[in-house]
file input03.txt (compact mmCIF, C-alpha atoms)
# COMPACT_ATOMS: atom_id res chain seq x y z
CA MET A 122 -14.21 1.92 35.80
CA GLN A 123 -16.48 1.08 32.91
CA GLU A 124 -17.82 -2.36 32.25
CA ASP A 125 -16.30 -4.40 29.44
CA ILE A 126 -18.48 -4.84 26.38
CA ARG A 127 -18.95 -7.75 24.02
CA VAL A 128 -18.46 -7.66 20.27
CA TYR A 129 -19.17 -10.63 18.01
CA VAL A 130 -17.34 -11.61 14.85
CA GLU A 131 -19.17 -13.85 12.41
CA GLU A 132 -16.39 -16.15 11.22
CA ALA A 133 -18.71 -18.41 9.20
CA PRO A 134 -22.48 -18.44 8.71
CA GLY A 135 -24.02 -19.00 12.12
CA GLN A 136 -20.64 -19.12 13.83
CA ARG A 137 -19.86 -16.13 15.98
CA ARG A 138 -16.81 -15.55 18.14
CA GLU A 139 -17.29 -13.42 21.20
CA LEU A 140 -14.68 -10.76 21.93
CA GLU A 141 -14.50 -8.92 25.19
CA ALA A 142 -13.34 -5.33 25.04
CA PRO A 143 -12.59 -2.64 27.59
CA THR A 144 -14.21 0.73 26.91
CA ASP A 145 -11.88 2.91 28.93
CA MET A 146 -8.91 2.74 26.54
CA GLY A 147 -10.35 4.56 23.53
CA LEU A 148 -9.96 1.43 21.41
CA SER A 149 -11.30 1.22 17.89
CA LEU A 150 -12.92 -1.91 16.57
CA MET A 151 -9.94 -2.30 14.21
CA GLU A 152 -7.54 -2.34 17.16
CA LEU A 153 -9.65 -4.94 18.95
CA LEU A 154 -9.82 -7.15 15.85
CA LYS A 155 -6.06 -6.91 15.30
CA ALA A 156 -5.34 -7.66 18.95
CA SER A 157 -7.65 -10.67 18.70
CA GLY A 158 -5.52 -12.17 15.94
CA TYR A 159 -7.61 -11.34 12.91
CA ASP A 160 -5.79 -10.86 9.64
CA ILE A 161 -6.36 -7.14 9.24
CA MET A 162 -3.59 -5.03 7.77
CA ALA A 163 -4.80 -1.58 8.85
CA THR A 164 -1.95 -0.10 6.85
CA CYS A 165 -2.74 3.50 7.65
CA GLY A 166 -3.02 2.79 11.36
CA GLY A 167 -6.54 4.09 11.75
CA MET A 168 -6.84 7.23 9.64
CA ALA A 169 -9.56 5.96 7.27
CA LEU A 170 -7.04 6.13 4.46
CA CYS A 171 -6.42 2.56 3.32
CA ALA A 172 -9.66 0.57 3.73
CA THR A 173 -7.77 -2.56 4.77
CA CYS A 174 -9.91 -2.82 7.93
CA HIS A 175 -13.21 -3.03 6.04
CA VAL A 176 -15.96 -4.85 7.94
CA GLU A 177 -19.64 -5.43 7.44
CA VAL A 178 -21.87 -4.59 10.40
CA LEU A 179 -24.50 -7.31 10.59
CA ALA A 180 -26.41 -6.43 13.73
CA GLY A 181 -26.26 -4.61 17.02
CA PRO A 182 -26.78 -1.12 18.31
CA ALA A 183 -27.01 1.89 16.00
CA LEU A 184 -23.57 3.38 15.37
CA PRO A 185 -22.65 7.01 14.78
CA GLU A 186 -22.84 7.80 11.05
CA PRO A 187 -19.59 7.41 9.09
CA GLY A 188 -17.67 10.64 8.51
CA ASP A 189 -16.62 12.10 5.16
CA ASP A 190 -13.14 10.53 5.25
CA GLU A 191 -14.64 7.10 5.80
CA LEU A 192 -17.31 7.50 3.12
CA ASP A 193 -14.70 8.72 0.62
CA MET A 194 -12.58 5.66 1.27
CA LEU A 195 -15.48 3.22 1.13
CA GLU A 196 -16.35 4.77 -2.23
CA THR A 197 -13.09 3.54 -3.75
CA LEU A 198 -13.75 -0.11 -2.86
CA PRO A 199 -14.89 -2.52 -5.56
CA VAL A 200 -17.45 -4.17 -3.29
CA VAL A 201 -19.36 -2.70 -0.38
CA HIS A 202 -22.44 -3.88 1.46
CA GLU A 203 -25.20 -2.08 3.23
CA GLY A 204 -23.40 -2.34 6.56
CA SER A 205 -19.89 -1.69 5.24
CA ARG A 206 -17.71 0.30 7.61
CA LEU A 207 -14.04 0.87 8.27
CA SER A 208 -13.48 -0.73 11.65
CA CYS A 209 -10.83 1.85 12.54
CA GLN A 210 -13.56 4.48 12.62
CA ILE A 211 -15.77 2.60 15.08
CA ARG A 212 -14.92 3.55 18.67
CA LEU A 213 -15.70 0.92 21.28
CA THR A 214 -17.89 2.48 23.93
CA PRO A 215 -20.63 1.15 26.23
CA ARG A 216 -23.02 2.04 23.38
CA THR A 217 -21.39 -0.44 20.96
CA ASP A 218 -22.05 -3.42 23.25
CA GLY A 219 -23.45 -6.34 21.29
CA LEU A 220 -22.14 -5.30 17.88
CA VAL A 221 -21.95 -8.10 15.30
CA VAL A 222 -19.53 -7.76 12.38
CA ARG A 223 -18.07 -9.82 9.55
CA LEU A 224 -14.62 -9.17 8.09
CA ALA A 225 -14.49 -8.26 4.42
CA PRO A 226 -12.21 -10.49 2.34
CA THR A 227 -8.59 -9.27 2.24
CA GLY A 228 -8.05 -6.56 -0.29
CA ALA A 229 -11.74 -5.79 -0.70
CA MET B 141 17.09 -0.91 -22.16
CA PRO B 142 18.91 -3.06 -19.60
CA ASN B 143 20.25 -0.91 -16.81
CA THR B 144 22.81 -2.03 -14.22
CA ILE B 145 23.59 -0.19 -10.99
CA SER B 146 26.49 -1.00 -8.64
CA THR B 147 26.34 0.13 -5.04
CA ASP B 148 27.24 -0.84 -1.48
CA ILE B 149 23.75 -1.24 0.00
CA CYS B 150 20.59 -1.71 -1.99
CA ILE B 151 17.68 -0.41 0.08
CA ILE B 152 14.32 -1.86 -0.89
CA GLY B 153 11.67 0.69 0.04
CA ALA B 154 11.89 4.49 -0.10
CA GLY B 155 9.76 5.14 2.98
CA PRO B 156 11.07 7.21 5.90
CA VAL B 157 13.10 4.33 7.32
CA GLY B 158 14.66 3.42 3.99
CA LEU B 159 15.55 7.07 3.39
CA PHE B 160 17.10 7.52 6.84
CA ALA B 161 19.13 4.34 6.29
CA VAL B 162 20.84 6.21 3.43
CA PHE B 163 21.96 8.81 5.98
CA GLU B 164 23.29 6.29 8.49
CA ALA B 165 25.03 4.37 5.71
CA GLY B 166 26.51 7.64 4.45
CA LEU B 167 28.11 8.30 7.82
CA LEU B 168 29.94 5.01 7.30
CA LYS B 169 30.79 6.03 3.74
CA LEU B 170 28.60 3.32 2.32
CA ARG B 171 26.80 4.23 -0.90
CA CYS B 172 23.12 3.38 -1.34
CA HIS B 173 20.70 2.71 -4.13
CA VAL B 174 17.00 2.85 -3.24
CA VAL B 175 14.29 0.96 -5.11
CA ASP B 176 10.56 1.51 -4.61
CA ALA B 177 7.47 0.32 -6.43
CA LEU B 178 5.82 3.72 -6.03
CA PRO B 179 6.72 6.49 -8.47
CA GLN B 180 7.76 8.89 -5.68
CA PRO B 181 9.87 8.50 -2.51
CA GLY B 182 8.27 8.57 0.94
CA GLY B 183 6.30 5.32 1.00
CA GLN B 184 3.03 5.50 2.92
CA LEU B 185 3.81 9.04 4.02
CA SER B 186 3.68 10.32 0.44
CA GLU B 187 1.14 7.88 -0.93
CA ILE B 188 -1.43 7.66 1.84
CA TYR B 189 -1.18 10.58 4.24
CA PRO B 190 1.11 13.41 3.07
CA LYS B 191 -1.09 16.05 4.71
CA LYS B 192 -1.47 14.31 8.07
CA PRO B 193 0.52 15.55 11.05
CA ILE B 194 2.88 13.22 12.93
CA TYR B 195 3.51 14.02 16.58
CA ASP B 196 6.10 11.45 17.64
CA ILE B 197 9.16 12.36 15.61
CA PRO B 198 11.80 13.41 18.17
CA GLY B 199 12.51 17.12 17.90
CA PHE B 200 9.38 17.88 15.90
CA PRO B 201 6.35 18.67 18.08
CA GLU B 202 4.29 18.32 14.91
CA ILE B 203 5.32 17.65 11.32
CA LEU B 204 3.29 16.83 8.22
CA ALA B 205 4.15 13.43 6.78
CA GLY B 206 4.98 15.02 3.42
CA ASP B 207 7.31 17.52 5.09
CA LEU B 208 9.12 14.74 6.94
CA VAL B 209 9.83 13.07 3.58
CA THR B 210 11.05 16.38 2.12
CA ASN B 211 13.37 16.84 5.12
CA LEU B 212 14.70 13.29 4.92
CA LEU B 213 15.48 13.75 1.22
CA LYS B 214 17.35 16.94 2.07
CA GLN B 215 19.20 15.22 4.90
CA ILE B 216 20.51 12.45 2.63
CA GLU B 217 21.41 14.76 -0.28
CA PRO B 218 25.12 14.94 0.71
CA PHE B 219 25.39 11.19 0.13
CA HIS B 220 24.03 11.29 -3.43
CA PRO B 221 21.82 8.21 -3.20
CA THR B 222 20.48 6.88 -6.47
CA PHE B 223 16.87 5.81 -6.97
CA THR B 224 14.89 3.39 -9.08
CA LEU B 225 11.26 4.39 -8.59
CA GLY B 226 8.12 2.85 -10.00
CA GLU B 227 9.75 -0.58 -10.17
CA ARG B 228 9.44 -3.47 -7.77
CA VAL B 229 12.34 -5.73 -6.84
CA GLU B 230 11.25 -9.06 -8.21
CA ARG B 231 14.13 -11.49 -7.82
CA PHE B 232 17.36 -11.59 -5.95
CA ALA B 233 20.35 -13.90 -5.83
CA LYS B 234 23.30 -14.15 -3.47
CA LEU B 235 26.52 -14.59 -5.38
CA ASP B 236 29.49 -16.75 -4.37
CA ASP B 237 31.50 -13.76 -3.15
CA GLY B 238 28.70 -12.82 -0.71
CA SER B 239 27.39 -9.94 -2.80
CA PHE B 240 23.91 -9.70 -4.24
CA GLN B 241 22.25 -9.32 -7.59
CA LEU B 242 18.71 -7.91 -7.70
CA TYR B 243 16.31 -7.53 -10.59
CA THR B 244 13.28 -5.27 -10.79
CA THR B 245 10.03 -5.80 -12.65
CA ASP B 246 11.33 -3.58 -15.44
CA GLY B 247 14.63 -5.42 -15.75
CA THR B 248 16.86 -3.01 -13.82
CA GLU B 249 19.78 -4.91 -12.31
CA VAL B 250 21.31 -3.84 -8.99
CA LEU B 251 24.65 -5.27 -7.87
CA CYS B 252 25.31 -4.62 -4.18
CA LYS B 253 27.32 -5.82 -1.22
CA ALA B 254 24.40 -5.87 1.22
CA VAL B 255 20.62 -5.62 1.04
CA ALA B 256 18.39 -3.66 3.42
CA ILE B 257 14.71 -4.44 3.12
CA ALA B 258 12.71 -1.44 4.33
CA GLY B 259 9.56 -2.47 2.58
CA GLY B 260 6.95 -1.39 5.12
CA LEU B 261 3.87 -3.50 4.58
CA GLY B 262 5.01 -4.49 1.12
CA SER B 263 4.50 -2.78 -2.17
CA PHE B 264 1.39 -0.87 -3.11
CA GLU B 265 -0.51 -2.73 -5.75
CA PRO B 266 -3.80 -2.01 -7.46
CA ARG B 267 -6.85 -3.29 -5.64
CA LYS B 268 -8.53 -5.81 -7.91
CA PRO B 269 -12.28 -6.24 -8.16
CA ALA B 270 -13.65 -9.72 -7.51
CA VAL B 271 -14.26 -10.73 -11.12
CA GLU B 272 -13.75 -14.40 -11.81
CA ASN B 273 -11.29 -14.63 -14.70
CA LEU B 274 -9.60 -11.25 -14.31
CA GLU B 275 -6.06 -12.68 -14.11
CA GLN B 276 -6.57 -14.43 -17.44
CA PHE B 277 -6.55 -11.09 -19.24
CA GLU B 278 -3.74 -9.36 -17.36
CA GLY B 279 -0.39 -8.61 -18.93
CA GLY B 280 -1.37 -6.93 -22.17
CA LYS B 281 -4.45 -9.02 -22.87
CA GLY B 282 -6.92 -6.25 -22.16
CA VAL B 283 -7.08 -5.69 -18.38
CA HIS B 284 -5.13 -2.72 -16.98
CA TYR B 285 -4.98 -1.60 -13.36
CA MET B 286 -3.35 1.72 -14.12
CA VAL B 287 -2.95 4.01 -17.08
CA ARG B 288 0.75 4.23 -17.81
CA ASP B 289 0.49 5.65 -21.30
CA PRO B 290 -2.85 7.15 -22.35
CA GLU B 291 -1.79 6.89 -26.02
CA HIS B 292 -2.10 3.12 -25.65
CA PHE B 293 -5.87 3.64 -25.65
CA ARG B 294 -6.10 5.99 -28.62
CA GLY B 295 -9.03 5.05 -30.86
CA GLN B 296 -9.87 2.08 -28.63
CA LYS B 297 -13.07 1.04 -26.96
CA ILE B 298 -12.62 1.05 -23.18
CA VAL B 299 -14.59 0.39 -20.02
CA ILE B 300 -13.41 1.99 -16.77
CA ALA B 301 -14.73 0.80 -13.41
CA GLY B 302 -14.56 2.68 -10.12
CA GLY B 303 -15.95 5.69 -8.33
CA GLY B 304 -12.92 7.42 -6.86
CA ASP B 305 -10.78 10.25 -8.12
CA SER B 306 -8.60 8.16 -10.41
CA ALA B 307 -11.62 6.61 -12.15
CA LEU B 308 -13.15 10.06 -12.66
CA ASP B 309 -9.91 11.72 -13.77
CA TRP B 310 -9.03 9.03 -16.29
CA THR B 311 -12.57 8.92 -17.64
CA ASN B 312 -12.38 12.65 -18.31
CA PHE B 313 -8.94 12.42 -19.83
CA LEU B 314 -9.50 9.35 -21.98
CA ALA B 315 -12.81 10.72 -23.26
CA ASN B 316 -10.69 12.69 -25.73
CA VAL B 317 -8.32 9.84 -26.54
CA ALA B 318 -10.27 6.61 -26.76
CA SER B 319 -12.99 6.13 -29.35
CA ASP B 320 -15.52 4.90 -26.86
CA VAL B 321 -15.46 5.29 -23.04
CA THR B 322 -17.84 3.71 -20.56
CA LEU B 323 -17.57 4.38 -16.82
CA VAL B 324 -19.15 1.76 -14.59
CA HIS B 325 -19.76 2.69 -10.96
CA ARG B 326 -21.46 0.54 -8.35
CA GLY B 327 -23.02 3.54 -6.63
CA THR B 328 -25.18 6.41 -7.80
CA THR B 329 -23.09 9.30 -6.54
CA PHE B 330 -19.44 10.25 -6.75
CA ARG B 331 -17.57 11.42 -3.72
CA GLY B 332 -14.44 12.34 -5.64
CA ALA B 333 -13.46 15.92 -6.48
CA ALA B 334 -16.71 17.74 -7.30
CA ASP B 335 -15.45 19.30 -10.54
CA SER B 336 -14.24 15.91 -11.89
CA ALA B 337 -17.61 14.38 -11.07
CA GLU B 338 -19.42 17.29 -12.74
CA LYS B 339 -17.28 16.92 -15.84
CA VAL B 340 -18.04 13.21 -16.07
CA LYS B 341 -21.75 13.95 -15.80
CA SER B 342 -21.67 16.61 -18.47
CA LEU B 343 -19.64 14.38 -20.80
CA ALA B 344 -22.27 11.69 -20.30
CA GLU B 345 -25.11 14.14 -20.98
CA ALA B 346 -23.38 15.29 -24.15
CA GLY B 347 -23.07 11.68 -25.26
CA LYS B 348 -19.26 11.76 -25.25
CA ILE B 349 -19.04 8.93 -22.73
CA LYS B 350 -21.41 6.36 -21.37
CA LEU B 351 -22.06 6.42 -17.62
CA VAL B 352 -23.46 3.23 -16.10
CA LEU B 353 -24.40 3.67 -12.44
CA SER B 354 -25.55 1.16 -9.81
CA SER B 355 -23.69 -1.52 -11.73
CA ASN B 356 -20.59 -3.68 -11.66
CA VAL B 357 -18.50 -5.43 -14.26
CA THR B 358 -19.17 -9.05 -13.40
CA HIS B 359 -17.80 -11.19 -16.24
CA LEU B 360 -15.03 -10.96 -18.78
CA HIS B 361 -15.18 -12.66 -22.15
CA GLY B 362 -12.59 -13.37 -24.77
CA ASN B 363 -10.38 -16.05 -26.20
CA GLY B 364 -6.83 -15.18 -25.18
CA LYS B 365 -7.65 -11.51 -25.54
CA LEU B 366 -10.40 -9.55 -23.84
CA ALA B 367 -13.33 -9.00 -26.23
CA ALA B 368 -16.32 -8.12 -24.06
CA VAL B 369 -17.49 -7.58 -20.49
CA THR B 370 -20.79 -8.18 -18.80
CA ILE B 371 -22.10 -5.25 -16.79
CA THR B 372 -24.66 -6.27 -14.20
CA GLY B 373 -26.91 -3.75 -12.53
CA ASN B 374 -27.73 -3.84 -8.84
CA ASP B 375 -31.27 -4.71 -9.98
CA GLY B 376 -29.97 -7.88 -11.66
CA THR B 377 -30.19 -6.77 -15.28
CA ALA B 378 -27.12 -7.71 -17.30
CA GLU B 379 -25.69 -6.40 -20.52
CA THR B 380 -22.65 -7.65 -22.43
CA VAL B 381 -20.66 -4.99 -24.24
CA PRO B 382 -17.76 -5.48 -26.67
CA LEU B 383 -14.52 -3.62 -25.86
CA ASP B 384 -10.76 -3.53 -26.31
CA HIS B 385 -9.68 -2.66 -22.78
CA PHE B 386 -11.06 -2.93 -19.26
CA ILE B 387 -9.53 -0.56 -16.70
CA PRO B 388 -10.62 -1.22 -13.10
CA LEU B 389 -9.44 1.69 -10.90
CA PHE B 390 -10.09 0.91 -7.25
CA GLY B 391 -7.08 2.45 -5.57
CA LEU B 392 -3.99 0.80 -4.15
CA THR B 393 -3.54 -1.72 -1.39
CA PRO B 394 -0.26 -2.98 0.09
CA LYS B 395 0.88 -6.53 -0.60
CA LEU B 396 3.97 -8.29 0.76
CA GLY B 397 4.76 -9.36 -2.79
CA PRO B 398 7.85 -11.29 -3.84
CA ILE B 399 9.71 -10.59 -0.57
CA GLY B 400 7.66 -13.46 0.83
CA GLU B 401 9.33 -15.86 -1.60
CA TRP B 402 12.96 -15.08 -0.82
CA ASN B 403 13.43 -17.85 1.73
CA LEU B 404 13.84 -15.48 4.66
CA ASP B 405 12.40 -16.52 8.02
CA LEU B 406 8.95 -14.95 8.32
CA THR B 407 6.32 -14.71 11.06
CA ASP B 408 2.89 -13.44 10.05
CA ASP B 409 4.21 -11.82 6.88
CA ALA B 410 6.98 -10.00 8.75
CA ILE B 411 10.70 -10.75 8.44
CA VAL B 412 12.27 -12.17 11.58
CA VAL B 413 15.42 -10.25 12.55
CA ASP B 414 18.16 -10.28 15.18
CA THR B 415 17.97 -6.98 17.07
CA VAL B 416 21.76 -6.76 17.36
CA ASP B 417 21.92 -5.48 13.79
CA TYR B 418 18.49 -6.27 12.25
CA SER B 419 20.01 -9.06 10.19
CA THR B 420 17.65 -11.63 8.68
CA SER B 421 18.17 -15.37 8.45
CA LEU B 422 20.26 -14.78 5.32
CA PRO B 423 23.66 -13.14 6.09
CA GLY B 424 24.05 -9.84 4.26
CA VAL B 425 20.31 -9.22 4.10
CA PHE B 426 18.84 -6.89 6.73
CA ALA B 427 15.26 -5.81 7.40
CA ILE B 428 14.21 -2.56 9.06
CA GLY B 429 10.98 -0.72 9.75
CA ASP B 430 7.45 -2.07 9.58
CA ILE B 431 8.46 -5.13 7.56
CA ASN B 432 10.45 -6.78 10.37
CA THR B 433 9.45 -8.40 13.61
CA TYR B 434 11.20 -9.18 16.88
CA PRO B 435 10.16 -9.41 20.52
CA GLY B 436 8.86 -6.02 21.56
CA LYS B 437 8.53 -4.70 18.00
CA LEU B 438 6.71 -1.38 17.68
CA LYS B 439 5.73 -0.18 14.22
CA LEU B 440 6.85 3.39 14.70
CA ILE B 441 8.91 5.58 12.40
CA LEU B 442 11.21 6.50 15.26
CA CYS B 443 11.93 2.82 15.98
CA GLY B 444 12.70 2.33 12.30
CA PHE B 445 15.26 5.14 12.46
CA HIS B 446 17.02 3.40 15.34
CA GLU B 447 16.93 0.11 13.44
CA ALA B 448 18.46 1.82 10.41
CA ALA B 449 21.43 3.03 12.46
CA LEU B 450 22.15 -0.40 13.91
CA MET B 451 21.55 -2.10 10.59
CA CYS B 452 24.25 0.00 8.95
CA GLN B 453 26.77 -1.17 11.56
CA GLY B 454 25.87 -4.75 10.70
CA ALA B 455 26.09 -4.07 6.97
CA TYR B 456 29.48 -2.40 7.44
CA LYS B 457 30.80 -5.46 9.29
CA TYR B 458 29.37 -7.75 6.62
CA ILE B 459 30.98 -5.76 3.81
CA TYR B 460 34.31 -5.10 5.62
CA PRO B 461 34.76 -7.97 8.07
CA ASP B 462 38.37 -6.98 8.77
CA LYS B 463 37.90 -3.26 9.33
CA LYS B 464 37.26 -1.86 12.75
CA TYR B 465 34.64 0.85 12.94
CA VAL B 466 34.93 3.77 15.36
CA LEU B 467 31.75 5.69 16.07
CA LYS B 468 32.04 9.33 15.05
CA TYR B 469 29.58 12.02 16.13
CA THR B 470 28.18 14.31 13.43
CA THR B 471 28.47 17.23 15.88
CA VAL B 472 32.22 16.65 16.13
CA ASN B 473 32.96 15.60 12.58
CA GLY B 474 30.16 17.07 10.51
CA VAL B 475 28.59 15.03 7.76
CA PRO B 476 31.16 13.31 5.57
CA THR B 477 30.95 14.01 1.87
CA MET B 478 30.81 11.34 -0.76
call {"tool": "encode", "arguments": {"input": "input03.txt", "output": "structure tokens"}}
result
Amino acid sequence: MQEDIRVYVEEAPGQRRELEAPTDMGLSLMELLKASGYDIMATCGGMALCATCHVEVLAGPALPEPGDDELDMLETLPVVHEGSRLSCQIRLTPRTDGLVVRLAPTGA
Amino acid sequence: MPNTISTDICIIGAGPVGLFAVFEAGLLKLRCHVVDALPQPGGQLSEIYPKKPIYDIPGFPEILAGDLVTNLLKQIEPFHPTFTLGERVERFAKLDDGSFQLYTTDGTEVLCKAVAIAGGLGSFEPRKPAVENLEQFEGGKGVHYMVRDPEHFRGQKIVIAGGGDSALDWTNFLANVASDVTLVHRGTTFRGAADSAEKVKSLAEAGKIKLVLSSNVTHLHGNGKLAAVTITGNDGTAETVPLDHFIPLFGLTPKLGPIGEWNLDLTDDAIVVDTVDYSTSLPGVFAIGDINTYPGKLKLILCGFHEAALMCQGAYKYIYPDKKYVLKYTTVNGVPTM
């Protein structure tokens, strides 16, 4: 049994909500955010094909580099930031403990 | 030209669940007309992931999303459904006799005895960049989110924004149509099809188009009609260029759209239904597939198929309250013809 990890969502400047996540279920960050009540559409269900789960990684451990599918999709967005990622492509593992993200505005 | 269609059930949404509803309705000898905002049937399966395999369709260990759509279309062929594609249902009214009148964005009128909303997550609409007064210039005033008729831009001065395939493809195509084409891209590289990107670069080198990288369109100017845009570089430098048309091409994103304004009971942008027959709060209107919600809801295609079957029973009872329906098996009776 693996330990739960903590992920933080910056809901407003300086205001972070702590989410606890199991790491033995193969969850993606998108699935955790949806389950936590955030307004994320995730239309494609996690295939890096719709970009409706766009988040900005603000701090935390280094993540595996985005794959081609994810980069292609991020490319189509009008606005991206340095830490822009599709949350469906971020697997929650013991190595993502302490991740801090901010949700991109809907539709962006 | 005004166009009126009469049918038994109007199905809003041509995704897998909407298409299978045509089959279940056909078994009850109910005719269907299907309306979808996308230009092709299949919904997300055709638009977003046609080449992705699906593993949880009963009887198919693995099937490509696009092939599932092809099969569904073949399965419903005997029932001769009619389609209005590329138009969104905008308004609907319930008439005194319990039937319905629907209008699409392009003015198509559908008269039907029952409505089945199979709208998935809504209709796919262009993703809009965050530019302040964008809406002010929509609707023929200079901002276009898709190219419907390239001839519209003949001899005109246009600015395209975006870095994906559609921005590249239209830049290449319109280079020979418009008098002046500028492509603005916030990045420095293109990840779209390599040959499209190469063509854009060579057109720019030959001076046929203007390529502005590391930049965004940040302001629109004009009095009633778009006259100029400001292009701001990532380094902060800004330039205002005169133009006739601005075409931001940033892909599609689903929106619930007008369905949200039809006075149906909603929870979190999903239509609340009774699982007996997937009826909504308005008698005669049903909702199936990803657009509905009920205790235990799972957004799976296979659940949508089940919902479609039960919905058709409800629609049949709504349309023919005095007739008694006897379940017939296709194995025993074959597929009825219409």
call {"tool": "closest_residue", "arguments": {"input": "input03.txt", "among": "B:Thr393, B:Arg171, B:Ala301, B:His385", "to": "Val271 in chain B", "atoms": "all atoms listed in the file"}}
result
B:Ala301
call {"tool": "residues_around", "arguments": {"input": "input03.txt", "residues": "Gly204 in chain A", "least_positions_apart": "4", "cutoff": "8 Å", "atoms": "all atoms listed in the file", "output": "mmCIF file with C-alpha atoms, in the coordinates of the input"}}
result
data_model
loop_
_atom_site.group_PDB
_atom_site.id
_atom_site.type_symbol
_atom_site.label_atom_id
_atom_site.label_comp_id
_atom_site.auth_asym_id
_atom_site.auth_seq_id
_atom_site.Cartn_x
_atom_site.Cartn_y
_atom_site.Cartn_z
ATOM 1 C CA VAL A 176 -15.960 -4.850 7.940
ATOM 2 C CA GLU A 177 -19.640 -5.430 7.440
ATOM 3 C CA VAL A 178 -21.870 -4.590 10.400
ATOM 4 C CA LEU A 179 -24.500 -7.310 10.590
#
call {"tool": "residues_near_point", "arguments": {"input": "input03.txt", "point": "(-22.6, 0.8, 13.0)", "cutoff": "9 Å", "atoms": "only C-alpha atoms", "output": "ChimeraX atom specification"}}
result
/A:177-187,204-206,211,217,220
call {"tool": "residues_around", "arguments": {"input": "input03.txt", "residues": "range 282-295 of chain B", "least_positions_apart": "2", "cutoff": "8 Å", "atoms": "only C-alpha atoms", "output": "number ranges by chain"}}
result
B: 266, 268, 274, 277-280, 297-298, 310, 314, 317-320, 365-366, 384-389
call {"tool": "interface_residues", "arguments": {"input": "input03.txt", "of": "chain B", "to": "chain A", "cutoff": "9 Å", "atoms": "only C-alpha atoms", "output": "ChimeraX atom specification"}}
result
/B:184,188-189,261,267-270,301-305,325-327,330-332,356,388-395
call {"tool": "residues_around", "arguments": {"input": "input03.txt", "residues": "range 151-165 of chain B", "least_positions_apart": "3", "cutoff": "8 Å", "atoms": "only C-alpha atoms", "output": "PyMOL selection string"}}
result
chain B and resi 168-177+181-185+208-209+212-213+215-216+219+221+229+255-260+428-429+441+444-445+448-449+452
call {"tool": "atom_distance", "arguments": {"input": "input03.txt", "atom1": "CA of Lys253 in chain B", "atom2": "CA of Asp148 in chain B"}}
result
5.0 Å
call {"tool": "atom_distance", "arguments": {"input": "input03.txt", "atom1": "CA of Thr470 in chain B", "atom2": "CA of Phe223 in chain B"}}
result
24.8 Å
call {"tool": "closest_residue", "arguments": {"input": "input03.txt", "among": "A:His175, A:Glu131, A:Leu224, A:Ile126", "to": "Tyr159 in chain A", "atoms": "only C-alpha atoms"}}
result
A:Leu224
call {"tool": "axis_aligned_box", "arguments": {"input": "input03.txt", "around": "range 356-373 of chain B", "padding_each_side": "8 Å", "output": "JSON"}}
result
{"center_x": -16.9, "center_y": -9.9, "center_z": -18.9, "size_x": 36.1, "size_y": 28.4, "size_z": 30.6}
call {"tool": "atom_distance", "arguments": {"input": "input03.txt", "atom1": "CA of Ile300 in chain B", "atom2": "CA of Leu323 in chain B"}}
result
4.8 Å
call {"tool": "closest_residue", "arguments": {"input": "input03.txt", "among": "A:Ser157, A:Pro215, A:Leu207, A:Ala142", "to": "Cys174 in chain A", "atoms": "all atoms listed in the file"}}
result
A:Leu207
call {"tool": "residues_around", "arguments": {"input": "input03.txt", "residues": "Arg127 in chain A", "least_positions_apart": "6", "cutoff": "7 Å", "atoms": "all atoms listed in the file", "output": "list of chain:residue names"}}
result
A:Glu139, A:Leu140, A:Glu141, A:Ala142, A:Asp218, A:Gly219
